[in-house]
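*Asks:* Sharing a structure here in structure tokens format.
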Amino acid sequence: MTTDITSGTNIFTNKVALVAGGSRGIGAAVVRRLARDGATVAFTYASSPKPAQELAESIVAAGGRALAIQADSADAAAVQAAVAETVKAFGGLDILVNNAGILLRGTVDEFSQEDFDRMLAVNVRPVFVAAKAAVPHMKEGGRIITIGSVVANRTAFPGASVYGMTKSAVAGLVRGLALDLAPRGITVNNVQPGPTATDMTPADGPHVDMIKALVPLGRLGKDDEIAGMVAYLASPEAGFVTGASLSIDGGYLA
Ligand code: NDP
């Protein structure tokens, strides 16, 4: 497999990015897009070494620079080590994308406390941990981008209360981080996808018709479409956007 990194722009030349959760789905699309537009990209994964290595190798084979790092986002020390490894390998860090996330479903009567804690440990805490570790390495113009969800604003069906809570938490955290880091010229934003075709929301899954019915455009989003919004927020053009939660959802929240 070769990732085409020749057809993009060069807007991220000399920029180093770290994508947490970049082995599959939206995160992998973000890795490909940033690399295509000239960035050197490190990315983490938890349990998918094969697709992670293949993605890194495909970028390197096409002349880019990429590094796959095994780091469970629930492990704060591993997240900090991934930031340190990125800086050591590539000499700095300009763009941090917090994409890693899980979706455990269940109504309140059946959802366990262990799963509640796991959701916070993967979807929320590492956003704070990674930002705290990354900021000392970031210069003016640095970018922190999280992948939240439209479920922060509209739950739409039972069994997603804890997932929605984690994505609301991320939106709130982003607003505060944006204020903390504005004096340093670092922007912090949150991308909220609607239902997007990945392993998390399979295009051939049993509930896909019900999900599409919630989307006025009548389809699932594509991972590359979400990556496009991330690339915009990472770009110099988005220098006046901070503290925002931007939805890309086919009209789900309209
Ligand atoms: P996928 O399940 O397809 O991919 C998840 C990615 O996150 C994988 O690269 C996975 O790595 C990584 N990951 C998961 N858990 C961990 C962990 N503990 N530590 C490190 N990496 C981890 O999900 P999507 O691409 O669909 O979702 C990406 C983000 O987008 C998530 O935050 C999700 O909540 C959000 N989102 C998704 C929507 C959708 O409909 N798909 C809609 C709205 C938001 P590994 O391969 O090792 O498991």
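Here's how to read the names in the structure tokens: chain A, B, ... by the order shown, residue numbers from 1 in each chain, ligand numbers from 1 in the order shown.
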So which residues touch segment 104-118 of chain A within 8 Å, counting only C-alpha atoms, skipping near sequence neighbours fewer than 4 positions away, as a list of chain:residue names?
*Replies:*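 The residues satisfying every condition are A:Ala74, A:Val122, A:Pro158, A:Gly159, A:Ala160, A:Ser161, A:Val162, A:Tyr163.
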*Asks:* Segment 24-203 of chain A: which residues are strand (DSSP E or B) by DSSP, as a list in words?
*Replies:* Thr40, Val41, Ala42, Phe43, Thr44, Tyr45, Ala66, Leu67, Ala68, Ile69, Gln70, Ile95, Leu96, Val97, Asn98, Arg143, Ile144, Ile145, Thr146, Ile147, Thr187, Val188, Asn189, Asn190, Val191, Gln192, Pro193 and Thr196 of chain A
*Asks:* Any chance you can output those residues with N, CA and C atoms as a CSV table (one decimal), in the first residue's frame?
*Replies:*
chain,number,residue,atom,x,y,z
A,40,THR,N,5.3,16.0,8.9
A,40,THR,CA,5.8,14.8,9.5
A,40,THR,C,4.9,14.3,10.6
A,41,VAL,N,4.5,13.0,10.5
A,41,VAL,CA,3.3,12.6,11.4
A,41,VAL,C,3.7,11.4,12.2
A,42,ALA,N,3.7,11.6,13.6
A,42,ALA,CA,3.7,10.5,14.5
A,42,ALA,C,2.2,10.2,14.9
A,43,PHE,N,2.0,8.9,15.1
A,43,PHE,CA,0.6,8.6,15.6
A,43,PHE,C,0.6,7.4,16.5
A,44,THR,N,-0.3,7.3,17.4
A,44,THR,CA,-0.4,6.2,18.4
A,44,THR,C,-1.5,5.3,18.0
A,45,TYR,N,-1.4,4.1,18.6
A,45,TYR,CA,-2.5,3.1,18.5
A,45,TYR,C,-2.4,2.3,19.8
A,66,ALA,N,6.9,9.4,8.9
A,66,ALA,CA,5.9,9.0,9.8
A,66,ALA,C,6.4,8.0,10.8
A,67,LEU,N,5.7,7.9,11.9
A,67,LEU,CA,6.2,7.0,13.0
A,67,LEU,C,4.9,6.5,13.8
A,68,ALA,N,4.8,5.2,13.9
A,68,ALA,CA,3.7,4.6,14.6
A,68,ALA,C,4.2,4.2,16.0
A,69,ILE,N,3.5,4.7,17.0
A,69,ILE,CA,3.9,4.5,18.4
A,69,ILE,C,2.8,3.7,19.2
A,70,GLN,N,3.1,2.6,19.8
A,70,GLN,CA,2.1,1.9,20.6
A,70,GLN,C,2.0,2.7,21.9
A,95,ILE,N,1.5,20.3,16.0
A,95,ILE,CA,0.0,19.9,15.8
A,95,ILE,C,-0.3,18.7,16.7
A,96,LEU,N,-1.2,18.8,17.6
A,96,LEU,CA,-1.6,17.6,18.4
A,96,LEU,C,-3.1,17.3,18.1
A,97,VAL,N,-3.4,16.1,17.6
A,97,VAL,CA,-4.8,15.8,17.3
A,97,VAL,C,-5.1,14.6,18.3
A,98,ASN,N,-6.1,14.9,19.1
A,98,ASN,CA,-6.6,13.8,20.0
A,98,ASN,C,-7.8,13.2,19.4
A,143,ARG,N,-1.1,24.0,17.4
A,143,ARG,CA,-2.5,23.6,17.2
A,143,ARG,C,-2.8,22.4,18.0
A,144,ILE,N,-3.9,22.5,18.8
A,144,ILE,CA,-4.4,21.3,19.5
A,144,ILE,C,-5.9,21.1,19.0
A,145,ILE,N,-6.1,19.9,18.5
A,145,ILE,CA,-7.5,19.6,17.9
A,145,ILE,C,-7.9,18.3,18.5
A,146,THR,N,-9.2,18.3,19.0
A,146,THR,CA,-9.8,17.1,19.5
A,146,THR,C,-10.9,16.6,18.6
A,147,ILE,N,-11.1,15.3,18.6
A,147,ILE,CA,-12.3,14.8,17.9
A,147,ILE,C,-13.3,14.5,18.9
A,187,THR,N,-3.8,27.6,19.3
A,187,THR,CA,-5.3,27.5,19.2
A,187,THR,C,-5.7,26.0,19.6
A,188,VAL,N,-6.9,26.0,20.2
A,188,VAL,CA,-7.4,24.7,20.7
A,188,VAL,C,-8.9,24.6,20.2
A,189,ASN,N,-9.2,23.5,19.4
A,189,ASN,CA,-10.5,23.4,18.8
A,189,ASN,C,-11.0,22.0,18.8
A,190,ASN,N,-12.3,21.8,18.7
A,190,ASN,CA,-12.9,20.5,18.8
A,190,ASN,C,-13.7,20.2,17.5
A,191,VAL,N,-13.5,19.1,16.8
A,191,VAL,CA,-14.2,18.8,15.7
A,191,VAL,C,-15.3,17.7,16.1
A,192,GLN,N,-16.5,18.0,15.8
A,192,GLN,CA,-17.6,17.1,16.2
A,192,GLN,C,-18.2,16.4,15.0
A,193,PRO,N,-17.7,15.2,14.6
A,193,PRO,CA,-18.3,14.5,13.5
A,193,PRO,C,-19.7,14.0,13.8
A,196,THR,N,-20.1,8.6,11.1
A,196,THR,CA,-19.1,8.5,10.0
A,196,THR,C,-18.7,7.1,9.8
*Asks:* Quick one: contact table of segment 20-107 of chain A to segment 218-225 of chain A, 9 Å max, nearest atom pair and distance in Å to one decimal per residue, counting only C-alpha atoms, chain and number order, as JSON lines?
*Replies:*
{"residue": "A:Gly25", "atom": "CA", "partner": "A:Asp223", "partner_atom": "CA", "distance": 6.3}
{"residue": "A:Ile26", "atom": "CA", "partner": "A:Asp223", "partner_atom": "CA", "distance": 4.7}
{"residue": "A:Gly27", "atom": "CA", "partner": "A:Asp223", "partner_atom": "CA", "distance": 8.2}
{"residue": "A:Ala28", "atom": "CA", "partner": "A:Asp223", "partner_atom": "CA", "distance": 8.4}
{"residue": "A:Ala29", "atom": "CA", "partner": "A:Asp224", "partner_atom": "CA", "distance": 5.5}
{"residue": "A:Val30", "atom": "CA", "partner": "A:Asp224", "partner_atom": "CA", "distance": 7.4}
{"residue": "A:Arg32", "atom": "CA", "partner": "A:Asp224", "partner_atom": "CA", "distance": 8.9}
{"residue": "A:Arg33", "atom": "CA", "partner": "A:Asp224", "partner_atom": "CA", "distance": 7.7}
*Asks:* Given only C-alpha atoms and all ligand atoms, how would the per-residue table for chain A near ligand 1 read, listing every residue at most 7 Å away with its closest atom pair and distance in Å to one decimal, sorted by chain and number, as a Markdown table?
*Replies:*
| residue | atom | partner | partner_atom_place_in_ligand_line | distance |
| --- | --- | --- | --- | --- |
| A:Ala20 | CA | ligand 1 | 21 (N) | 6.1 |
| A:Gly21 | CA | ligand 1 | 12 (C) | 3.7 |
| A:Gly22 | CA | ligand 1 | 9 (O) | 4.4 |
| A:Ser23 | CA | ligand 1 | 9 (O) | 3.8 |
| A:Arg24 | CA | ligand 1 | 9 (O) | 4.1 |
| A:Gly25 | CA | ligand 1 | 25 (O) | 3.5 |
| A:Ile26 | CA | ligand 1 | 25 (O) | 3.8 |
| A:Gly27 | CA | ligand 1 | 25 (O) | 5.7 |
| A:Ala28 | CA | ligand 1 | 9 (O) | 6.7 |
| A:Thr44 | CA | ligand 1 | 20 (C) | 6.0 |
| A:Tyr45 | CA | ligand 1 | 47 (O) | 3.9 |
| A:Ala46 | CA | ligand 1 | 47 (O) | 3.4 |
| A:Ser47 | CA | ligand 1 | 47 (O) | 3.6 |
| A:Ser48 | CA | ligand 1 | 47 (O) | 4.0 |
| A:Pro49 | CA | ligand 1 | 47 (O) | 6.8 |
| A:Ala71 | CA | ligand 1 | 20 (C) | 5.7 |
| A:Asp72 | CA | ligand 1 | 19 (N) | 3.6 |
| A:Ser73 | CA | ligand 1 | 19 (N) | 3.7 |
| A:Ala74 | CA | ligand 1 | 18 (N) | 5.3 |
| A:Asn99 | CA | ligand 1 | 32 (O) | 4.7 |
| A:Ala100 | CA | ligand 1 | 7 (O) | 3.7 |
| A:Gly101 | CA | ligand 1 | 32 (O) | 3.5 |
| A:Ile102 | CA | ligand 1 | 14 (C) | 5.5 |
| A:Leu103 | CA | ligand 1 | 34 (O) | 6.3 |
| A:Val122 | CA | ligand 1 | 18 (N) | 5.2 |
| A:Asn123 | CA | ligand 1 | 32 (O) | 6.6 |
| A:Ile147 | CA | ligand 1 | 32 (O) | 5.3 |
| A:Gly148 | CA | ligand 1 | 44 (C) | 5.5 |
| A:Ser149 | CA | ligand 1 | 44 (C) | 4.1 |
| A:Val150 | CA | ligand 1 | 43 (C) | 6.3 |
| A:Gln192 | CA | ligand 1 | 43 (C) | 6.1 |
| A:Pro193 | CA | ligand 1 | 43 (C) | 4.3 |
| A:Gly194 | CA | ligand 1 | 42 (C) | 4.8 |
| A:Pro195 | CA | ligand 1 | 40 (O) | 3.6 |
| A:Thr196 | CA | ligand 1 | 40 (O) | 3.8 |
| A:Ala197 | CA | ligand 1 | 41 (N) | 5.7 |
| A:Thr198 | CA | ligand 1 | 3 (O) | 4.6 |
| A:Asp199 | CA | ligand 1 | 3 (O) | 4.1 |
| A:Met200 | CA | ligand 1 | 2 (O) | 4.3 |
| A:Thr201 | CA | ligand 1 | 40 (O) | 4.8 |
*Asks:* Where does DSSP see helix (DSSP H, G or I) in segment 116-252 of chain A, if you list the residues as a PyMOL selection string?
*Replies:* chain A and resi 116-123+125-137+150-152+161-184+208-213+223-234+236-238
*Asks:* Measuring between only C-alpha atoms, which one of A:Leu179, A:Val127, A:Leu18, A:Ala81 shows the shortest distance to Ala234 of chain A?
*Replies:*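 For Ala234 of chain A, the nearest of the given residues is A:Leu18.
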*Asks:* Can I get the residues of segment 52-82 of chain A within 12 Å of segment 131-142 of chain A, each with the closest pair of atoms and their distance in Å to one decimal, using only C-alpha atoms, sorted chain first then ascending number, as JSON lines?
*Replies:*
{"residue": "A:Ala76", "atom": "CA", "partner": "A:Ala133", "partner_atom": "CA", "distance": 10.0}
{"residue": "A:Ala77", "atom": "CA", "partner": "A:Ala133", "partner_atom": "CA", "distance": 10.1}
{"residue": "A:Ala78", "atom": "CA", "partner": "A:Ala133", "partner_atom": "CA", "distance": 11.1}
{"residue": "A:Val79", "atom": "CA", "partner": "A:Ala133", "partner_atom": "CA", "distance": 8.3}
{"residue": "A:Gln80", "atom": "CA", "partner": "A:Ala133", "partner_atom": "CA", "distance": 5.8}
{"residue": "A:Ala81", "atom": "CA", "partner": "A:Ala133", "partner_atom": "CA", "distance": 8.9}
{"residue": "A:Ala82", "atom": "CA", "partner": "A:Ala133", "partner_atom": "CA", "distance": 9.4}
*Asks:* Export, as a PDB file, in the first residue's frame, the selected residues with all heavy atoms.
*Replies:*
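Output (result-v7.pdb):
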ATOM      1  N   ALA A  76      -1.603   7.219  31.273  1.00  0.00           N
ATOM      2  CA  ALA A  76      -1.077   8.590  31.187  1.00  0.00           C
ATOM      3  C   ALA A  76       0.419   8.594  30.881  1.00  0.00           C
ATOM      4  O   ALA A  76       0.895   9.409  30.079  1.00  0.00           O
ATOM      5  CB  ALA A  76      -1.361   9.348  32.479  1.00  0.00           C
ATOM      6  N   ALA A  77       1.155   7.665  31.492  1.00  0.00           N
ATOM      7  CA  ALA A  77       2.602   7.624  31.252  1.00  0.00           C
ATOM      8  C   ALA A  77       2.891   7.296  29.785  1.00  0.00           C
ATOM      9  O   ALA A  77       3.847   7.826  29.191  1.00  0.00           O
ATOM     10  CB  ALA A  77       3.253   6.600  32.172  1.00  0.00           C
ATOM     11  N   ALA A  78       2.089   6.430  29.198  1.00  0.00           N
ATOM     12  CA  ALA A  78       2.285   6.074  27.787  1.00  0.00           C
ATOM     13  C   ALA A  78       1.988   7.264  26.877  1.00  0.00           C
ATOM     14  O   ALA A  78       2.679   7.479  25.869  1.00  0.00           O
ATOM     15  CB  ALA A  78       1.398   4.885  27.419  1.00  0.00           C
ATOM     16  N   VAL A  79       0.985   8.046  27.218  1.00  0.00           N
ATOM     17  CA  VAL A  79       0.656   9.245  26.437  1.00  0.00           C
ATOM     18  C   VAL A  79       1.805  10.254  26.517  1.00  0.00           C
ATOM     19  O   VAL A  79       2.243  10.812  25.503  1.00  0.00           O
ATOM     20  CB  VAL A  79      -0.666   9.881  26.935  1.00  0.00           C
ATOM     21  CG1 VAL A  79      -0.912  11.230  26.281  1.00  0.00           C
ATOM     22  CG2 VAL A  79      -1.837   8.929  26.676  1.00  0.00           C
ATOM     23  N   GLN A  80       2.311  10.461  27.731  1.00  0.00           N
ATOM     24  CA  GLN A  80       3.443  11.389  27.904  1.00  0.00           C
ATOM     25  C   GLN A  80       4.675  10.891  27.141  1.00  0.00           C
ATOM     26  O   GLN A  80       5.386  11.680  26.504  1.00  0.00           O
ATOM     27  CB  GLN A  80       3.767  11.524  29.397  1.00  0.00           C
ATOM     28  CG  GLN A  80       2.689  12.272  30.163  1.00  0.00           C
ATOM     29  CD  GLN A  80       2.713  11.970  31.659  1.00  0.00           C
ATOM     30  OE1 GLN A  80       3.369  11.021  32.112  1.00  0.00           O
ATOM     31  NE2 GLN A  80       1.981  12.761  32.429  1.00  0.00           N
ATOM     32  N   ALA A  81       4.886   9.572  27.187  1.00  0.00           N
ATOM     33  CA  ALA A  81       6.047   9.006  26.474  1.00  0.00           C
ATOM     34  C   ALA A  81       5.895   9.166  24.965  1.00  0.00           C
ATOM     35  O   ALA A  81       6.889   9.374  24.249  1.00  0.00           O
ATOM     36  CB  ALA A  81       6.210   7.529  26.845  1.00  0.00           C
ATOM     37  N   ALA A  82       4.667   9.074  24.464  1.00  0.00           N
ATOM     38  CA  ALA A  82       4.441   9.233  23.017  1.00  0.00           C
ATOM     39  C   ALA A  82       4.775  10.658  22.581  1.00  0.00           C
ATOM     40  O   ALA A  82       5.368  10.878  21.510  1.00  0.00           O
ATOM     41  CB  ALA A  82       2.992   8.891  22.664  1.00  0.00           C
TER      42      ALA A  82
END
*Asks:* Can you tell me which residues surround Pro216 of chain A at a distance of at most 9 Å, considering only C-alpha atoms, apart from same-chain residues fewer than 3 positions away, and format the answer as a PyMOL selection string?
*Replies:* chain A and resi 212-213+219+250-252+254
*Asks:* Got time to write the residues from that selection, N, CA and C atoms, as a PDB file, in the first residue's frame?
*Replies:*
ATOM      1  N   LYS A 212     -28.815   6.677   9.492  1.00  0.00           N
ATOM      2  CA  LYS A 212     -28.929   7.567   8.320  1.00  0.00           C
ATOM      3  C   LYS A 212     -30.189   8.420   8.387  1.00  0.00           C
ATOM      4  N   ALA A 213     -31.239   7.877   9.003  1.00  0.00           N
ATOM      5  CA  ALA A 213     -32.497   8.626   9.105  1.00  0.00           C
ATOM      6  C   ALA A 213     -32.336   9.868   9.985  1.00  0.00           C
ATOM      7  N   ARG A 219     -26.844  10.110   4.557  1.00  0.00           N
ATOM      8  CA  ARG A 219     -25.714   9.182   4.426  1.00  0.00           C
ATOM      9  C   ARG A 219     -24.786   9.344   5.616  1.00  0.00           C
ATOM     10  N   GLY A 250     -23.591  16.367   8.243  1.00  0.00           N
ATOM     11  CA  GLY A 250     -24.675  16.152   7.274  1.00  0.00           C
ATOM     12  C   GLY A 250     -26.012  16.733   7.707  1.00  0.00           C
ATOM     13  N   GLY A 251     -25.970  17.661   8.678  1.00  0.00           N
ATOM     14  CA  GLY A 251     -27.198  18.300   9.151  1.00  0.00           C
ATOM     15  C   GLY A 251     -27.793  17.661  10.404  1.00  0.00           C
ATOM     16  N   TYR A 252     -27.114  16.711  11.009  1.00  0.00           N
ATOM     17  CA  TYR A 252     -27.610  15.995  12.209  1.00  0.00           C
ATOM     18  C   TYR A 252     -28.070  16.959  13.302  1.00  0.00           C
ATOM     19  N   ALA A 254     -28.912  20.172  12.773  1.00  0.00           N
ATOM     20  CA  ALA A 254     -29.633  21.333  12.220  1.00  0.00           C
ATOM     21  C   ALA A 254     -31.066  21.363  12.744  1.00  0.00           C
TER      22      ALA A 254
END
*Asks:* Pick from A:Ala231, A:Ala238, A:Ile226, A:Val174: nearest to Thr9 of chain A, with only C-alpha atoms counted?
*Replies:*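 Under the stated criterion, the closest residue is A:Ala231.
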*Asks:* Report the distance between atom CA of Ala35 of chain A and atom CA of Phe12 of chain A in Å, rounded to one decimal place.
*Replies:*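 Between atom CA of Ala35 of chain A and atom CA of Phe12 of chain A the gap works out to 8.1 Å.
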*Asks:* One decimal, in Å: what's the spacing between atom CA of Thr166 of chain A and atom CA of Met119 of chain A?
*Replies:* 7.1 Å
*Asks:* Mind pulling up the distance from atom CA of Asp4 of chain A to atom CA of Leu55 of chain A?
*Replies:*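 Separation between atom CA of Leu55 of chain A and atom CA of Asp4 of chain A: 11.4 Å.
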